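**Q** Mind looking over this structure? Questions follow.
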Amino acid sequence: MTSFGYFLSCEEFTPGQLLEQAGRAADAGFTRLAISDHFHPWNDAQGNSPLVWSMIGALSQTVDLPVTTLVTCPTMRLHPAVTAQAAATSSRLLEGRFALGVGTGEALNEHVLGDRWPSFDERADMLEEAVEVMRALFTGRQISHRGTHYTADNARLYTTPHGRLPVHVSGFGPKAAELAGRIGDGFVTMGPDQEAIGRFREAGGAGKPVIGGLKVCWDTDRDRAVDTAHRLWPTEHLPGELAQILPTPAHFEQASELVAPGQVSENVPCGDGIEEHLAAVRAYVDAGFEEVYVGRPGQEAFFAAYREKVLPALNG
């Protein structure tokens, strides 16, 4: 059975707003939370980027919902040993209600220390090794690791996870879907792509959860909703690998000039038509997703609408 969660966007909201939204999401009937990990927002209009690990600590004291990172990159900006410590602490604070979603990252966030931005194949190798290091540390044993990409010297986590800590792997292409099936405890993919899910299952993901999400914009004025989504999230509609390789919000703003409002109108549920929202979310249910997270740009009417109309219809 599919569970429905709320997506906390660190790119778009302040720490205080994110905490308020978490409480409102719980009151609206969402049963889970996901949270993004960004050093930069995608564009200046979004305007925020609080540290995800601080936010998870605060969320653990604010709501009782499970929390998943969608997704963090444990390979460049943070060493996998440091990511493992942060994840284990989050698991303790949330009493086991934490899952670590990981991916190969974007240059937007990971280039900030001046490191070379590798090809996807190299980043995939780095992620696989990083997951190996983190899982070894989660055991609480002292480890020394000298691999192709990472070294850990006599490292030990004294604060280990609360029970088993799932590591879900994000993927947006065939190679990434197969990597997720091979090394992940679940598969994170943002679209209801049956082919990608099939590759994940065939590569070892049978019986493992598929996790994803979508942006919606609820407003009584559909044109205004389209304008909001187009202003804040045109980057969702950029083609190919641009989202992985562009290095700054300014570059994304330049590329987003190619995204027309009509593309947003066709691909994002906008306005207050309940059937449009239901159809978009049900596409994920029909594709076999176990967890679906809904994010909303901007508008305040979202929580009441989903509490009163959308979630009862989905759960009924």
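Scheme for the structure tokens: letters A, B, ... for chains in order shown; per-chain residue numbers from 1; ligand numbers from 1 in order shown.
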Considering only C-alpha atoms, return as a list of chain:residue names whatever protein or nucleic-acid residues lie within 10 Å of Phe120 (chain A), sequence-local ones (same chain, fewer than 3 positions apart) excluded.
**A** A:Thr104, A:Gly105, A:Trp117, A:Arg123, A:Ala124, A:Asp125, A:Met126, A:Lys175, A:Ala176, A:Glu241, A:Gln244, A:Ile245
**Q** For region 107-111 of chain A, please output as a PyMOL selection string all residues within 7 Å (counting only C-alpha atoms; exclusion window: fewer than 4 positions along the same chain).
**A** chain A and resi 38-40+76-77+115+117+244-248
**Q** Write to file, as a compact mmCIF listing (two decimals), in the first residue's frame, the residues of the selection just made, with N, CA, C and O atoms.
**A**
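Dumped to out_14.txt:
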```
# COMPACT_ATOMS: atom_id res chain seq x y z
N HIS A 38 20.62 20.69 -0.06
CA HIS A 38 21.22 21.59 -1.04
C HIS A 38 22.17 22.56 -0.36
O HIS A 38 21.89 23.04 0.74
N PHE A 39 23.28 22.87 -1.03
CA PHE A 39 24.12 23.98 -0.60
C PHE A 39 23.63 25.28 -1.24
O PHE A 39 23.65 26.34 -0.62
N HIS A 40 23.19 25.19 -2.50
CA HIS A 40 22.59 26.33 -3.21
C HIS A 40 21.15 25.99 -3.57
O HIS A 40 20.83 24.82 -3.82
N MET A 76 31.29 14.10 -2.02
CA MET A 76 32.21 15.19 -2.31
C MET A 76 32.16 16.28 -1.24
O MET A 76 33.13 16.54 -0.55
N ARG A 77 31.01 16.93 -1.10
CA ARG A 77 30.89 18.02 -0.14
C ARG A 77 31.06 17.51 1.29
O ARG A 77 31.60 18.19 2.15
N ASP A 115 36.41 21.00 -5.98
CA ASP A 115 36.78 19.70 -6.54
C ASP A 115 36.37 19.61 -8.01
O ASP A 115 35.41 20.24 -8.45
N TRP A 117 34.53 18.10 -11.10
CA TRP A 117 33.23 17.43 -11.20
C TRP A 117 33.37 16.23 -12.13
O TRP A 117 33.56 16.36 -13.34
N GLN A 244 22.50 18.08 -13.56
CA GLN A 244 23.67 17.51 -12.89
C GLN A 244 24.95 18.31 -13.13
O GLN A 244 25.88 18.24 -12.33
N ILE A 245 25.02 19.06 -14.22
CA ILE A 245 26.31 19.64 -14.60
C ILE A 245 26.40 21.15 -14.46
O ILE A 245 27.51 21.69 -14.40
N LEU A 246 25.28 21.87 -14.43
CA LEU A 246 25.36 23.33 -14.30
C LEU A 246 25.81 23.70 -12.88
O LEU A 246 25.29 23.16 -11.90
N PRO A 247 26.75 24.65 -12.73
CA PRO A 247 27.38 24.84 -11.43
C PRO A 247 26.78 25.91 -10.51
O PRO A 247 27.07 25.90 -9.31
N THR A 248 25.96 26.82 -11.03
CA THR A 248 25.49 27.92 -10.17
C THR A 248 24.02 28.21 -10.43
O THR A 248 23.49 27.91 -11.51
```
**Q** Identify, on the basis of only C-alpha atoms, every residue whose closest approach to Gly207 (chain A) does not exceed 12 Å; exclude the query and any residue fewer than 5 positions from it along the same chain; express the result as number ranges by chain.
**A** A: 181, 184-187, 197-198, 200-202, 288-290
**Q** Tell me which protein, DNA and RNA residues are within 8 Å of region 298-303 of chain A, counting only C-alpha atoms, leaving out same-chain ones fewer than 5 positions away, and put them as a PDB file with N, CA, C and O atoms, in the first residue's frame.
**A**
```pdb
ATOM      1  N   ARG A  24       2.168  21.278   9.920  1.00  0.00           N
ATOM      2  CA  ARG A  24       0.942  21.375   9.143  1.00  0.00           C
ATOM      3  C   ARG A  24       0.741  20.137   8.272  1.00  0.00           C
ATOM      4  O   ARG A  24      -0.394  19.701   8.044  1.00  0.00           O
ATOM      5  N   ALA A  25       1.832  19.569   7.789  1.00  0.00           N
ATOM      6  CA  ALA A  25       1.731  18.337   7.007  1.00  0.00           C
ATOM      7  C   ALA A  25       1.175  17.199   7.859  1.00  0.00           C
ATOM      8  O   ALA A  25       0.311  16.436   7.413  1.00  0.00           O
ATOM      9  N   ALA A  28      -2.449  17.693   8.353  1.00  0.00           N
ATOM     10  CA  ALA A  28      -3.215  17.484   7.127  1.00  0.00           C
ATOM     11  C   ALA A  28      -3.416  16.008   6.803  1.00  0.00           C
ATOM     12  O   ALA A  28      -4.238  15.674   5.939  1.00  0.00           O
ATOM     13  N   CYS A 217       0.908  22.710  -7.499  1.00  0.00           N
ATOM     14  CA  CYS A 217       0.677  24.110  -7.128  1.00  0.00           C
ATOM     15  C   CYS A 217      -0.830  24.335  -7.013  1.00  0.00           C
ATOM     16  O   CYS A 217      -1.533  24.448  -8.025  1.00  0.00           O
ATOM     17  N   TRP A 218      -1.327  24.352  -5.788  1.00  0.00           N
ATOM     18  CA  TRP A 218      -2.755  24.506  -5.530  1.00  0.00           C
ATOM     19  C   TRP A 218      -3.091  25.991  -5.421  1.00  0.00           C
ATOM     20  O   TRP A 218      -2.496  26.714  -4.628  1.00  0.00           O
ATOM     21  N   ASP A 219      -4.065  26.416  -6.217  1.00  0.00           N
ATOM     22  CA  ASP A 219      -4.498  27.817  -6.173  1.00  0.00           C
ATOM     23  C   ASP A 219      -5.867  27.889  -6.830  1.00  0.00           C
ATOM     24  O   ASP A 219      -6.138  27.158  -7.797  1.00  0.00           O
ATOM     25  N   THR A 228       3.344  30.767 -10.577  1.00  0.00           N
ATOM     26  CA  THR A 228       4.125  30.475  -9.368  1.00  0.00           C
ATOM     27  C   THR A 228       5.086  29.323  -9.615  1.00  0.00           C
ATOM     28  O   THR A 228       6.277  29.406  -9.293  1.00  0.00           O
TER      29      THR A 228
END
```
**Q** Could you find all residues in region 25-261 of chain A that DSSP calls alpha helix (DSSP H) from the backbone, and write them as a PyMOL selection string?
**A** chain A and resi 25-28+52-60+80-93+107-110+120-138+174-183+194-200+222-232+242-245+249-256+261
**Q** Neighbouring residues of Ser256 (chain A) were defined as those with any atom within 8 Å, considering only C-alpha atoms; residues of the same chain fewer than 2 positions away were excluded. Please report them as number ranges by chain.
**A** A: 234-235, 238, 252-254, 258-259
**Q** Show which residues sit within 7 Å of Gly57 (chain A), as a count of residues only. Count only C-alpha atoms, and ignore same-chain residues fewer than 4 positions away.
**A** 4
**Q** Quick one: everything within 10 Å of Arg199 (chain A), counting only C-alpha atoms, minus sequence neighbours fewer than 5 positions away in the same chain. Send it as a list in words.
**A** Gly173, Pro174, Lys175, Ala176, Ala177, Glu178, Leu179, Ala180, Gly181, Gln194, Gly204, Gly205 and Ala206 of chain A
**Q** Please report as JSON lines every residue of region 66-112 of chain A lying within 12 Å of region 155-166 of chain A, along with the nearest atom pair and their distance in Å (one decimal), using only C-alpha atoms.
**A**
```
{"residue": "A:Val67", "atom": "CA", "partner": "A:Pro166", "partner_atom": "CA", "distance": 11.5}
{"residue": "A:Thr68", "atom": "CA", "partner": "A:Pro166", "partner_atom": "CA", "distance": 9.5}
{"residue": "A:Thr69", "atom": "CA", "partner": "A:Pro166", "partner_atom": "CA", "distance": 11.0}
{"residue": "A:Pro80", "atom": "CA", "partner": "A:Ala155", "partner_atom": "CA", "distance": 11.4}
{"residue": "A:Ala81", "atom": "CA", "partner": "A:Ala155", "partner_atom": "CA", "distance": 7.9}
{"residue": "A:Val82", "atom": "CA", "partner": "A:Leu157", "partner_atom": "CA", "distance": 9.8}
{"residue": "A:Thr83", "atom": "CA", "partner": "A:Leu157", "partner_atom": "CA", "distance": 11.2}
{"residue": "A:Ala84", "atom": "CA", "partner": "A:Leu157", "partner_atom": "CA", "distance": 8.2}
{"residue": "A:Gln85", "atom": "CA", "partner": "A:Leu157", "partner_atom": "CA", "distance": 6.5}
{"residue": "A:Ala86", "atom": "CA", "partner": "A:Thr159", "partner_atom": "CA", "distance": 9.8}
{"residue": "A:Ala87", "atom": "CA", "partner": "A:Pro161", "partner_atom": "CA", "distance": 7.5}
{"residue": "A:Ala88", "atom": "CA", "partner": "A:Pro161", "partner_atom": "CA", "distance": 4.3}
{"residue": "A:Thr89", "atom": "CA", "partner": "A:Thr159", "partner_atom": "CA", "distance": 6.5}
{"residue": "A:Ser90", "atom": "CA", "partner": "A:Pro161", "partner_atom": "CA", "distance": 7.9}
{"residue": "A:Ser91", "atom": "CA", "partner": "A:Pro161", "partner_atom": "CA", "distance": 5.2}
{"residue": "A:Arg92", "atom": "CA", "partner": "A:His162", "partner_atom": "CA", "distance": 5.1}
{"residue": "A:Leu93", "atom": "CA", "partner": "A:His162", "partner_atom": "CA", "distance": 8.5}
{"residue": "A:Leu94", "atom": "CA", "partner": "A:His162", "partner_atom": "CA", "distance": 8.3}
{"residue": "A:Glu95", "atom": "CA", "partner": "A:His162", "partner_atom": "CA", "distance": 5.8}
{"residue": "A:Gly96", "atom": "CA", "partner": "A:His162", "partner_atom": "CA", "distance": 4.8}
{"residue": "A:Arg97", "atom": "CA", "partner": "A:His162", "partner_atom": "CA", "distance": 8.5}
{"residue": "A:Phe98", "atom": "CA", "partner": "A:Leu165", "partner_atom": "CA", "distance": 7.1}
{"residue": "A:Ala99", "atom": "CA", "partner": "A:Pro166", "partner_atom": "CA", "distance": 5.2}
{"residue": "A:Leu100", "atom": "CA", "partner": "A:Pro166", "partner_atom": "CA", "distance": 6.2}
{"residue": "A:Gly101", "atom": "CA", "partner": "A:Pro166", "partner_atom": "CA", "distance": 8.2}
{"residue": "A:Val102", "atom": "CA", "partner": "A:Pro166", "partner_atom": "CA", "distance": 10.4}
```
**Q** Quick one: write out the picked residues with N, CA, C and O atoms as a CSV table (one decimal), in the first residue's frame?
**A**
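Wrote it out as selection_7.csv, contents follow:
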```
chain,number,residue,atom,x,y,z
A,67,VAL,N,11.3,10.5,8.5
A,67,VAL,CA,12.0,11.5,7.7
A,67,VAL,C,13.0,10.8,6.8
A,67,VAL,O,13.8,9.9,7.3
A,68,THR,N,13.0,11.2,5.5
A,68,THR,CA,14.0,10.6,4.5
A,68,THR,C,14.6,11.8,3.8
A,68,THR,O,14.0,12.7,3.4
A,69,THR,N,16.0,11.7,3.6
A,69,THR,CA,16.6,12.6,2.8
A,69,THR,C,16.4,12.3,1.3
A,69,THR,O,16.6,11.1,0.9
A,80,PRO,N,32.0,10.3,3.2
A,80,PRO,CA,31.0,9.3,3.6
A,80,PRO,C,31.1,9.0,5.1
A,80,PRO,O,30.1,8.7,5.8
A,81,ALA,N,32.3,9.1,5.7
A,81,ALA,CA,32.4,8.9,7.2
A,81,ALA,C,31.6,10.0,8.0
A,81,ALA,O,30.9,9.7,9.0
A,82,VAL,N,31.7,11.2,7.5
A,82,VAL,CA,31.0,12.3,8.2
A,82,VAL,C,29.5,12.2,7.9
A,82,VAL,O,28.6,12.4,8.8
A,83,THR,N,29.1,11.8,6.7
A,83,THR,CA,27.7,11.6,6.4
A,83,THR,C,27.1,10.4,7.2
A,83,THR,O,26.0,10.5,7.7
A,84,ALA,N,27.9,9.4,7.4
A,84,ALA,CA,27.5,8.3,8.2
A,84,ALA,C,27.2,8.7,9.7
A,84,ALA,O,26.2,8.3,10.3
A,85,GLN,N,28.1,9.6,10.2
A,85,GLN,CA,27.9,10.1,11.6
A,85,GLN,C,26.6,10.9,11.7
A,85,GLN,O,25.8,10.7,12.6
A,86,ALA,N,26.4,11.8,10.7
A,86,ALA,CA,25.2,12.6,10.6
A,86,ALA,C,23.9,11.7,10.5
A,86,ALA,O,22.9,12.0,11.2
A,87,ALA,N,24.0,10.7,9.7
A,87,ALA,CA,22.8,9.9,9.5
A,87,ALA,C,22.5,9.0,10.7
A,87,ALA,O,21.4,8.8,11.1
A,88,ALA,N,23.6,8.5,11.3
A,88,ALA,CA,23.4,7.7,12.5
A,88,ALA,C,22.8,8.5,13.7
A,88,ALA,O,21.8,8.1,14.4
A,89,THR,N,23.2,9.8,13.8
A,89,THR,CA,22.7,10.7,14.8
A,89,THR,C,21.2,11.0,14.5
A,89,THR,O,20.4,11.0,15.4
A,90,SER,N,20.9,11.2,13.2
A,90,SER,CA,19.5,11.5,12.8
A,90,SER,C,18.6,10.3,13.2
A,90,SER,O,17.5,10.4,13.6
A,91,SER,N,19.1,9.1,12.9
A,91,SER,CA,18.4,7.8,13.2
A,91,SER,C,18.1,7.7,14.7
A,91,SER,O,17.0,7.4,15.1
A,92,ARG,N,19.1,8.1,15.5
A,92,ARG,CA,18.8,8.1,17.0
A,92,ARG,C,17.8,9.1,17.4
A,92,ARG,O,16.9,8.8,18.2
A,93,LEU,N,17.9,10.3,16.9
A,93,LEU,CA,17.0,11.4,17.3
A,93,LEU,C,15.6,11.0,16.9
A,93,LEU,O,14.6,11.3,17.6
A,94,LEU,N,15.4,10.4,15.7
A,94,LEU,CA,14.1,10.0,15.2
A,94,LEU,C,13.7,8.6,15.7
A,94,LEU,O,12.7,8.1,15.2
A,95,GLU,N,14.5,8.0,16.5
A,95,GLU,CA,14.2,6.7,17.1
A,95,GLU,C,13.9,5.6,16.0
A,95,GLU,O,12.9,4.9,16.1
A,96,GLY,N,14.7,5.6,15.0
A,96,GLY,CA,14.6,4.7,13.9
A,96,GLY,C,13.7,5.1,12.8
A,96,GLY,O,13.6,4.3,11.8
A,97,ARG,N,13.2,6.2,12.8
A,97,ARG,CA,12.2,6.7,11.8
A,97,ARG,C,13.0,7.5,10.7
A,97,ARG,O,12.4,8.4,10.1
A,98,PHE,N,14.2,7.2,10.5
A,98,PHE,CA,15.0,8.0,9.5
A,98,PHE,C,15.5,7.0,8.4
A,98,PHE,O,16.0,5.9,8.7
A,99,ALA,N,15.4,7.4,7.2
A,99,ALA,CA,16.0,6.7,6.1
A,99,ALA,C,16.9,7.7,5.3
A,99,ALA,O,16.6,8.8,5.1
A,100,LEU,N,18.1,7.1,4.9
A,100,LEU,CA,19.1,7.9,4.2
A,100,LEU,C,18.9,7.7,2.7
A,100,LEU,O,19.3,6.6,2.1
A,101,GLY,N,18.4,8.7,2.0
A,101,GLY,CA,18.3,8.7,0.5
A,101,GLY,C,19.6,9.3,0.0
A,101,GLY,O,20.0,10.5,0.4
A,102,VAL,N,20.3,8.6,-0.9
A,102,VAL,CA,21.6,9.1,-1.4
A,102,VAL,C,21.6,9.1,-3.0
A,102,VAL,O,20.8,8.4,-3.6
```
**Q** Nearest to Met190 (chain A): which of A:Leu18, A:Val210, A:Val167, A:Ile143 is it, counting only C-alpha atoms?
**A**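 Closest residue, counting only C-alpha atoms: A:Val210.
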**Q** To one decimal in Å, tell me the separation between CA of Leu242 (chain A) and CA of Glu106 (chain A).
**A** 9.2 Å
**Q** Could you pull out the residues in region 25-175 of chain A that DSSP calls strand (DSSP E) from the backbone, as an NGL selection string?
**A** :A and (32-35 or 67-69 or 98-102 or 143-146 or 151-155 or 167-170)
**Q** What does the distance from CA of Ala196 (chain A) to CA of Arg182 (chain A) come to in Å, to one decimal?
**A**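 Distance between the two atoms: 13.5 Å.
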**Q** Could you tell me how far CA of Val188 (chain A) sits from CA of Thr139 (chain A), in Å to one decimal place?
**A**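 According to the coordinates, CA of Thr139 (chain A) and CA of Val188 (chain A) are separated by 24.0 Å.
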